[in-house]
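The next block is upload.csv, given as CSV, C-alpha atoms.
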chain,number,residue,atom,x,y,z
A,980,MET,CA,25.6,-28.6,5.0
A,981,LYS,CA,22.0,-27.9,4.0
A,982,PHE,CA,20.3,-24.8,5.3
A,983,SER,CA,16.6,-24.0,5.6
A,984,TYR,CA,16.9,-21.3,3.0
A,985,ASP,CA,18.1,-23.8,0.4
A,986,LYS,CA,14.5,-24.7,-0.2
A,987,LEU,CA,14.0,-21.2,-1.6
A,988,PHE,CA,16.4,-22.0,-4.5
A,989,GLU,CA,14.7,-25.4,-5.0
A,990,ASN,CA,11.3,-23.7,-5.1
A,991,ASN,CA,12.7,-21.2,-7.6
A,992,LYS,CA,14.0,-23.9,-9.9
A,993,ALA,CA,10.7,-25.7,-9.8
A,994,TRP,CA,8.7,-22.6,-10.4
A,995,ALA,CA,10.9,-21.5,-13.4
A,996,SER,CA,10.6,-25.0,-14.8
A,997,ARG,CA,6.8,-24.9,-14.6
A,998,GLN,CA,6.6,-21.5,-16.2
A,999,THR,CA,8.8,-22.6,-19.1
A,1000,GLU,CA,6.8,-25.7,-19.6
A,1001,GLN,CA,3.5,-23.8,-19.7
A,1002,ASP,CA,4.9,-20.9,-21.9
A,1003,PRO,CA,8.4,-21.4,-23.5
A,1004,GLY,CA,8.6,-17.6,-24.1
A,1005,TYR,CA,7.5,-16.6,-20.6
A,1006,PHE,CA,10.9,-15.2,-19.4
A,1007,SER,CA,12.1,-13.8,-22.7
A,1008,ASN,CA,8.9,-11.8,-23.0
A,1009,MET,CA,9.1,-10.7,-19.4
A,1010,ALA,CA,12.7,-9.5,-20.0
A,1011,LEU,CA,11.4,-7.0,-22.6
A,1012,GLY,CA,10.0,-4.7,-19.9
A,1013,GLN,CA,7.0,-4.0,-17.7
A,1014,ASN,CA,3.8,-2.1,-18.2
A,1015,PRO,CA,1.8,-2.4,-14.9
A,1016,GLU,CA,-1.5,-0.5,-14.4
A,1017,TYR,CA,-1.3,-0.7,-10.6
A,1018,LEU,CA,1.0,0.5,-7.8
A,1019,PHE,CA,0.3,-1.4,-4.6
A,1020,ILE,CA,1.5,0.2,-1.3
A,1021,GLY,CA,1.1,-2.5,1.3
A,1022,CYS,CA,2.3,-3.7,4.6
A,1023,SER,CA,5.6,-5.7,4.9
A,1024,ASP,CA,3.6,-8.5,6.7
A,1025,SER,CA,4.6,-11.9,5.2
A,1026,ARG,CA,1.0,-13.0,5.1
A,1027,ALA,CA,-0.2,-10.3,2.6
A,1028,PRO,CA,1.9,-10.4,-0.6
A,1029,ALA,CA,0.3,-8.2,-3.3
A,1030,SER,CA,0.5,-10.6,-6.3
A,1031,VAL,CA,-0.8,-13.5,-4.3
A,1032,ILE,CA,-3.8,-11.9,-2.7
A,1033,THR,CA,-4.8,-10.1,-6.0
A,1034,GLY,CA,-4.1,-13.1,-8.3
A,1035,THR,CA,-1.8,-11.0,-10.5
A,1036,ARG,CA,1.2,-12.2,-12.6
A,1037,PRO,CA,4.7,-10.8,-12.6
A,1038,GLY,CA,4.6,-7.5,-14.6
A,1039,GLU,CA,1.0,-6.6,-13.7
A,1040,ILE,CA,1.5,-4.9,-10.4
A,1041,PHE,CA,4.3,-2.5,-9.1
A,1042,GLU,CA,4.8,-2.8,-5.4
A,1043,HIS,CA,6.1,-1.0,-2.4
A,1044,ARG,CA,5.8,-2.4,1.1
A,1045,ASN,CA,6.7,-1.1,4.6
A,1046,ILE,CA,5.6,-1.5,8.2
A,1047,SER,CA,1.8,-0.7,8.3
A,1048,ASN,CA,1.6,0.6,4.7
A,1049,LEU,CA,2.5,4.2,5.6
A,1050,VAL,CA,2.8,7.1,3.2
A,1051,ILE,CA,5.4,9.5,4.6
A,1052,SER,CA,6.5,12.4,2.4
A,1053,THR,CA,10.1,12.3,3.8
A,1054,ASP,CA,10.4,8.6,2.9
A,1055,MET,CA,12.6,8.9,-0.2
A,1056,ASN,CA,12.2,5.2,-0.9
A,1057,LEU,CA,8.4,5.5,-1.2
A,1058,MET,CA,8.6,8.8,-3.0
A,1059,ALA,CA,11.0,7.4,-5.6
A,1060,VAL,CA,8.6,4.4,-6.2
A,1061,LEU,CA,5.7,6.8,-6.4
A,1062,GLN,CA,7.4,9.1,-8.9
A,1063,TYR,CA,8.6,6.3,-11.1
A,1064,SER,CA,5.2,4.7,-11.1
A,1065,VAL,CA,3.3,7.8,-11.9
A,1066,ASP,CA,5.7,9.6,-14.2
A,1067,ILE,CA,7.5,6.8,-16.0
A,1068,LEU,CA,5.2,3.7,-15.8
A,1069,LYS,CA,2.0,5.8,-16.0
A,1070,VAL,CA,0.1,3.6,-13.6
A,1071,LYS,CA,-3.6,4.2,-13.6
A,1072,HIS,CA,-4.4,3.0,-10.1
A,1073,ILE,CA,-2.6,3.5,-6.8
A,1074,VAL,CA,-3.8,1.2,-3.9
A,1075,VAL,CA,-2.9,1.6,-0.2
A,1076,CYS,CA,-3.7,-1.8,1.3
A,1077,GLY,CA,-3.7,-2.5,5.0
A,1078,HIS,CA,-4.7,-5.6,6.7
A,1079,TYR,CA,-6.7,-6.6,9.8
A,1080,GLY,CA,-4.4,-8.0,12.5
A,1081,CYS,CA,-1.6,-5.6,11.6
A,1082,GLY,CA,1.1,-5.8,14.3
A,1083,GLY,CA,2.3,-2.3,13.6
A,1084,VAL,CA,-1.1,-0.8,14.2
A,1085,LYS,CA,-1.4,-2.9,17.4
A,1086,ALA,CA,2.0,-1.7,18.6
A,1087,ALA,CA,1.0,1.9,17.9
A,1088,LEU,CA,-2.1,1.4,20.1
A,1089,SER,CA,0.0,0.1,23.0
A,1090,LYS,CA,1.8,2.4,25.5
A,1091,THR,CA,4.9,0.2,25.5
A,1092,HIS,CA,8.3,1.2,24.1
A,1093,ASN,CA,9.3,-0.8,21.0
A,1094,GLY,CA,12.6,0.8,20.2
A,1095,LEU,CA,13.5,2.4,16.9
A,1096,ILE,CA,10.2,1.5,15.3
A,1097,ASP,CA,8.4,3.9,17.6
A,1098,ASN,CA,9.6,6.7,15.4
A,1099,TRP,CA,7.9,5.1,12.4
A,1100,LEU,CA,4.7,4.2,14.3
A,1101,ARG,CA,4.3,7.8,15.4
A,1102,SER,CA,2.4,8.3,12.1
A,1103,ILE,CA,-0.2,5.8,13.2
A,1104,ARG,CA,-0.4,7.3,16.6
A,1105,ASP,CA,-1.1,10.6,14.8
A,1106,VAL,CA,-4.1,9.0,13.1
A,1107,TYR,CA,-5.3,7.7,16.5
A,1108,ARG,CA,-5.0,11.1,18.0
A,1109,GLN,CA,-7.0,12.6,15.1
A,1110,TYR,CA,-9.8,10.1,15.6
A,1111,ARG,CA,-9.5,9.5,19.3
A,1112,LYS,CA,-13.1,10.3,20.2
A,1113,GLU,CA,-14.5,7.9,17.6
A,1114,LEU,CA,-12.1,5.1,18.5
A,1115,ASP,CA,-12.5,5.5,22.3
A,1116,HIS,CA,-16.2,5.0,22.0
A,1117,LEU,CA,-15.6,1.4,20.7
A,1118,THR,CA,-16.2,-1.2,23.4
A,1119,SER,CA,-13.5,-3.7,22.7
A,1120,GLU,CA,-9.8,-3.5,21.9
A,1121,GLU,CA,-10.4,-5.8,18.9
A,1122,GLU,CA,-12.9,-3.3,17.4
A,1123,LYS,CA,-10.6,-0.4,18.1
A,1124,TRP,CA,-7.7,-2.3,16.4
A,1125,ARG,CA,-9.8,-3.1,13.3
A,1126,LYS,CA,-11.1,0.5,13.0
A,1127,LEU,CA,-7.7,2.0,13.4
A,1128,VAL,CA,-6.4,-0.3,10.6
A,1129,GLU,CA,-9.2,1.2,8.3
A,1130,LEU,CA,-8.6,4.8,9.4
A,1131,ASN,CA,-4.9,4.4,8.9
A,1132,VAL,CA,-5.5,3.3,5.3
A,1133,GLN,CA,-7.8,6.2,4.7
A,1134,GLU,CA,-5.3,8.7,6.0
A,1135,GLN,CA,-2.5,7.2,3.9
A,1136,VAL,CA,-4.7,7.6,0.8
A,1137,PHE,CA,-5.2,11.3,1.8
A,1138,ARG,CA,-1.5,11.7,2.2
A,1139,LEU,CA,-1.0,10.4,-1.3
A,1140,SER,CA,-3.4,13.0,-2.5
A,1141,MET,CA,-1.2,15.7,-0.9
A,1142,THR,CA,2.0,14.7,-2.7
A,1143,SER,CA,3.2,17.0,-5.4
A,1144,ILE,CA,3.7,13.8,-7.6
A,1145,VAL,CA,0.0,13.0,-7.6
A,1146,GLN,CA,-1.1,16.7,-7.7
A,1147,GLU,CA,1.0,17.4,-10.8
A,1148,ALA,CA,-0.2,14.3,-12.5
A,1149,LEU,CA,-3.8,15.4,-12.0
A,1150,ASP,CA,-3.0,18.9,-13.1
A,1151,ARG,CA,-1.8,17.5,-16.5
A,1152,HIS,CA,-5.0,15.4,-16.7
A,1153,GLN,CA,-3.2,12.1,-16.3
A,1154,GLU,CA,-5.6,9.3,-15.6
A,1155,ILE,CA,-4.9,8.2,-12.0
A,1156,HIS,CA,-7.2,6.8,-9.3
A,1157,LEU,CA,-6.4,6.3,-5.6
A,1158,HIS,CA,-7.9,3.4,-3.6
A,1159,GLY,CA,-7.9,2.3,0.0
A,1160,TRP,CA,-8.2,-1.5,0.7
A,1161,VAL,CA,-8.1,-3.7,3.8
A,1162,TYR,CA,-7.2,-7.4,3.5
A,1163,GLU,CA,-8.8,-9.9,5.9
A,1164,ILE,CA,-6.2,-12.5,6.6
A,1165,GLU,CA,-8.8,-14.8,8.2
A,1166,ASN,CA,-10.7,-15.3,5.0
A,1167,GLY,CA,-8.4,-14.0,2.3
A,1168,LEU,CA,-10.8,-11.3,1.0
A,1169,ILE,CA,-10.0,-7.7,0.2
A,1170,ARG,CA,-12.4,-5.0,1.3
A,1171,ASP,CA,-12.6,-1.7,-0.7
A,1172,LEU,CA,-13.1,1.2,1.7
A,1173,ASP,CA,-14.7,3.1,-1.3
A,1174,LEU,CA,-12.7,6.3,-0.7
A,1175,ASN,CA,-13.5,9.1,-3.1
A,1176,ILE,CA,-10.8,11.9,-3.2
A,1177,LYS,CA,-13.1,14.5,-4.6
A,1178,ARG,CA,-15.8,13.7,-2.0
A,1179,ASP,CA,-13.7,12.8,1.0
A,1180,PHE,CA,-10.7,15.1,0.4
A,1181,LYS,CA,-12.6,18.3,-0.4
A,1182,ASP,CA,-11.6,20.1,2.9
A,1183,PHE,CA,-7.9,19.7,2.0
A,1184,ASP,CA,-7.9,22.1,-1.0
A,1185,ILE,CA,-4.8,23.8,0.4
A,1186,TYR,CA,-2.7,20.9,-0.9
A,1187,ASN,CA,-4.3,21.0,-4.4
A,1188,CYS,CA,-2.6,22.5,-7.5
A,1189,ASP,CA,-4.3,25.4,-9.2
A,1190,HIS,CA,-6.6,24.1,-11.8
A,1191,SER,CA,-8.1,27.5,-12.7
A,1192,HIS,CA,-6.7,27.3,-16.2
A,1193,ASP,CA,-8.5,24.0,-16.9
Mind converting the file's structure to structure tokens?
Amino acid sequence: MKFSYDKLFENNKAWASRQTEQDPGYFSNMALGQNPEYLFIGCSDSRAPASVITGTRPGEIFEHRNISNLVISTDMNLMAVLQYSVDILKVKHIVVCGHYGCGGVKAALSKTHNGLIDNWLRSIRDVYRQYRKELDHLTSEEEKWRKLVELNVQEQVFRLSMTSIVQEALDRHQEIHLHGWVYEIENGLIRDLDLNIKRDFKDFDIYNCDHSHD
């Protein structure tokens, strides 16, 4: 009996064959290790795979994805990925990438019960509460949805800044840059929110390491 997922194995064989034809040493070289410059923290949405939308090859981008691209300090999965990326791989850029049309953000805006995921979505509702006046001035639900997607990305970048992993890396003068992006599914383009931690995060100095010895 043939199942729909069998096509995944067929696609894999075809892809591996094409790669070997183009570069006979492709997989042997890949097996030697990885040295990515980027950590991509994105949404689990199947329409926004990091390597596809950025045009990167295997080995160029380290990736973590969860519902609505959240940075939660008690999420040991994310924290392990972050620590490994910063301390071992020495990535230079960490990107939080959301996307317009995010179902998690829309669910957080609703007042309906969604089961277990409501506990996860609370972080987005916290963002909404923080910016409620700004969001409630928007005239349409679509505008509010899009703006909350952007604000959610911004707040997750700020949360990255608060982590001891990032703070300690900065304290030892490791090159590391944080970015907030939003992907537009309707046209395939990425928008850089142009966040600047030194400029936009200046009121959060309580989280910073002591750089007085610098």
Quiz item: Which is closest to His1152 of chain A among A:Ile1164, A:Asp1179, A:Lys1069, A:Cys1081, if we use all atoms listed in the file?
Solution: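 Of all the options, A:Lys1069 lies closest to His1152 of chain A.
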Quiz item: Out of A:Leu1049, A:Asn1056, A:Gly1082, A:Lys1177, which residue has the shortest atom-to-atom distance to Ser1025 of chain A when counting all atoms listed in the file?
Solution: A:Gly1082
Using all atoms listed in the file, I'd like a table of the residues in segment 1049-1091 of chain A that come within 7 Å of segment 997-1021 of chain A; for each, show the closest atom pair and its distance in Å rounded to one decimal, ordered by chain and ascending number, as a tab-separated table.
residue	atom	partner	partner_atom	distance
A:Ser1064	CA	A:Leu1018	CA	6.8
A:Leu1068	CA	A:Asn1014	CA	6.4
A:Val1070	CA	A:Glu1016	CA	4.5
A:Lys1071	CA	A:Glu1016	CA	5.2
A:His1072	CA	A:Tyr1017	CA	4.9
A:Ile1073	CA	A:Leu1018	CA	4.8
A:Val1074	CA	A:Phe1019	CA	4.9
A:Val1075	CA	A:Ile1020	CA	4.7
A:Cys1076	CA	A:Gly1021	CA	4.9
A:Gly1077	CA	A:Gly1021	CA	6.1
Practice problem: Have a look at A:Leu1130, A:Arg1138, A:Ile1051, A:Ile1169 and name the one nearest to Asn1098 of chain A; count all atoms listed in the file. | Solution: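 Going through A:Leu1130, A:Arg1138, A:Ile1051, A:Ile1169 one by one, the smallest distance to Asn1098 of chain A is for A:Ile1051.
Atom pair atom CA of Trp1124 of chain A / atom CA of Lys1085 of chain A: separated by 6.4 Å.
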Per residue of segment 1023-1073 of chain A within 10 Å of segment 1147-1151 of chain A, which atom pair is closest and at what distance in Å (one decimal), using only C-alpha atoms, listed by chain and increasing number, as a tab-separated table?
residue	atom	partner	partner_atom	distance
A:Gln1062	CA	A:Ala1148	CA	9.9
A:Val1065	CA	A:Ala1148	CA	7.4
A:Asp1066	CA	A:Ala1148	CA	7.7
A:Lys1069	CA	A:Ala1148	CA	9.5
Exercise. In Å, rounded to a single decimal, give me how far atom CA of Asn991 of chain A is from atom CA of Val1060 of chain A.
Key: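 Value for the atom CA of Val1060 of chain A-atom CA of Asn991 of chain A distance: 26.0 Å.
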Quiz prompt | Polymer residues at most 9 Å from Gln1133 of chain A, all atoms listed in the file, same-chain spacing of 5 or more positions, as a ChimeraX atom specification | solution = /A:1075,1128,1138,1158-1160,1172,1174
Exercise. Show which residues sit within 9 Å of Leu1100 of chain A, as a ChimeraX atom specification. Count all atoms listed in the file, and ignore same-chain residues fewer than 3 positions away.
Key: /A:1046-1047,1049,1083-1084,1086-1087,1096-1097,1103-1105
Practice problem: Find, counting all atoms listed in the file, the residue in A:Ile1155, A:Leu1088, A:Leu1061, A:Ile1040 that gets nearest to Ser1102 of chain A. | Solution: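 That would be A:Leu1088, the residue with the smallest distance to Ser1102 of chain A.
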Exercise. Quick one: pull the distance between atom CA of Ser1030 of chain A and atom CA of Gly1167 of chain A, Å, one decimal.
Key: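 About the pair atom CA of Ser1030 of chain A and atom CA of Gly1167 of chain A: they are 12.8 Å apart.
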Quiz item: Hey, what's within 10 Å of Glu1121 of chain A if we count all atoms listed in the file and toss same-chain stuff fewer than 4 positions away? As a PyMOL selection string, please?
Solution: chain A and resi 1079-1080+1085+1117+1125-1127
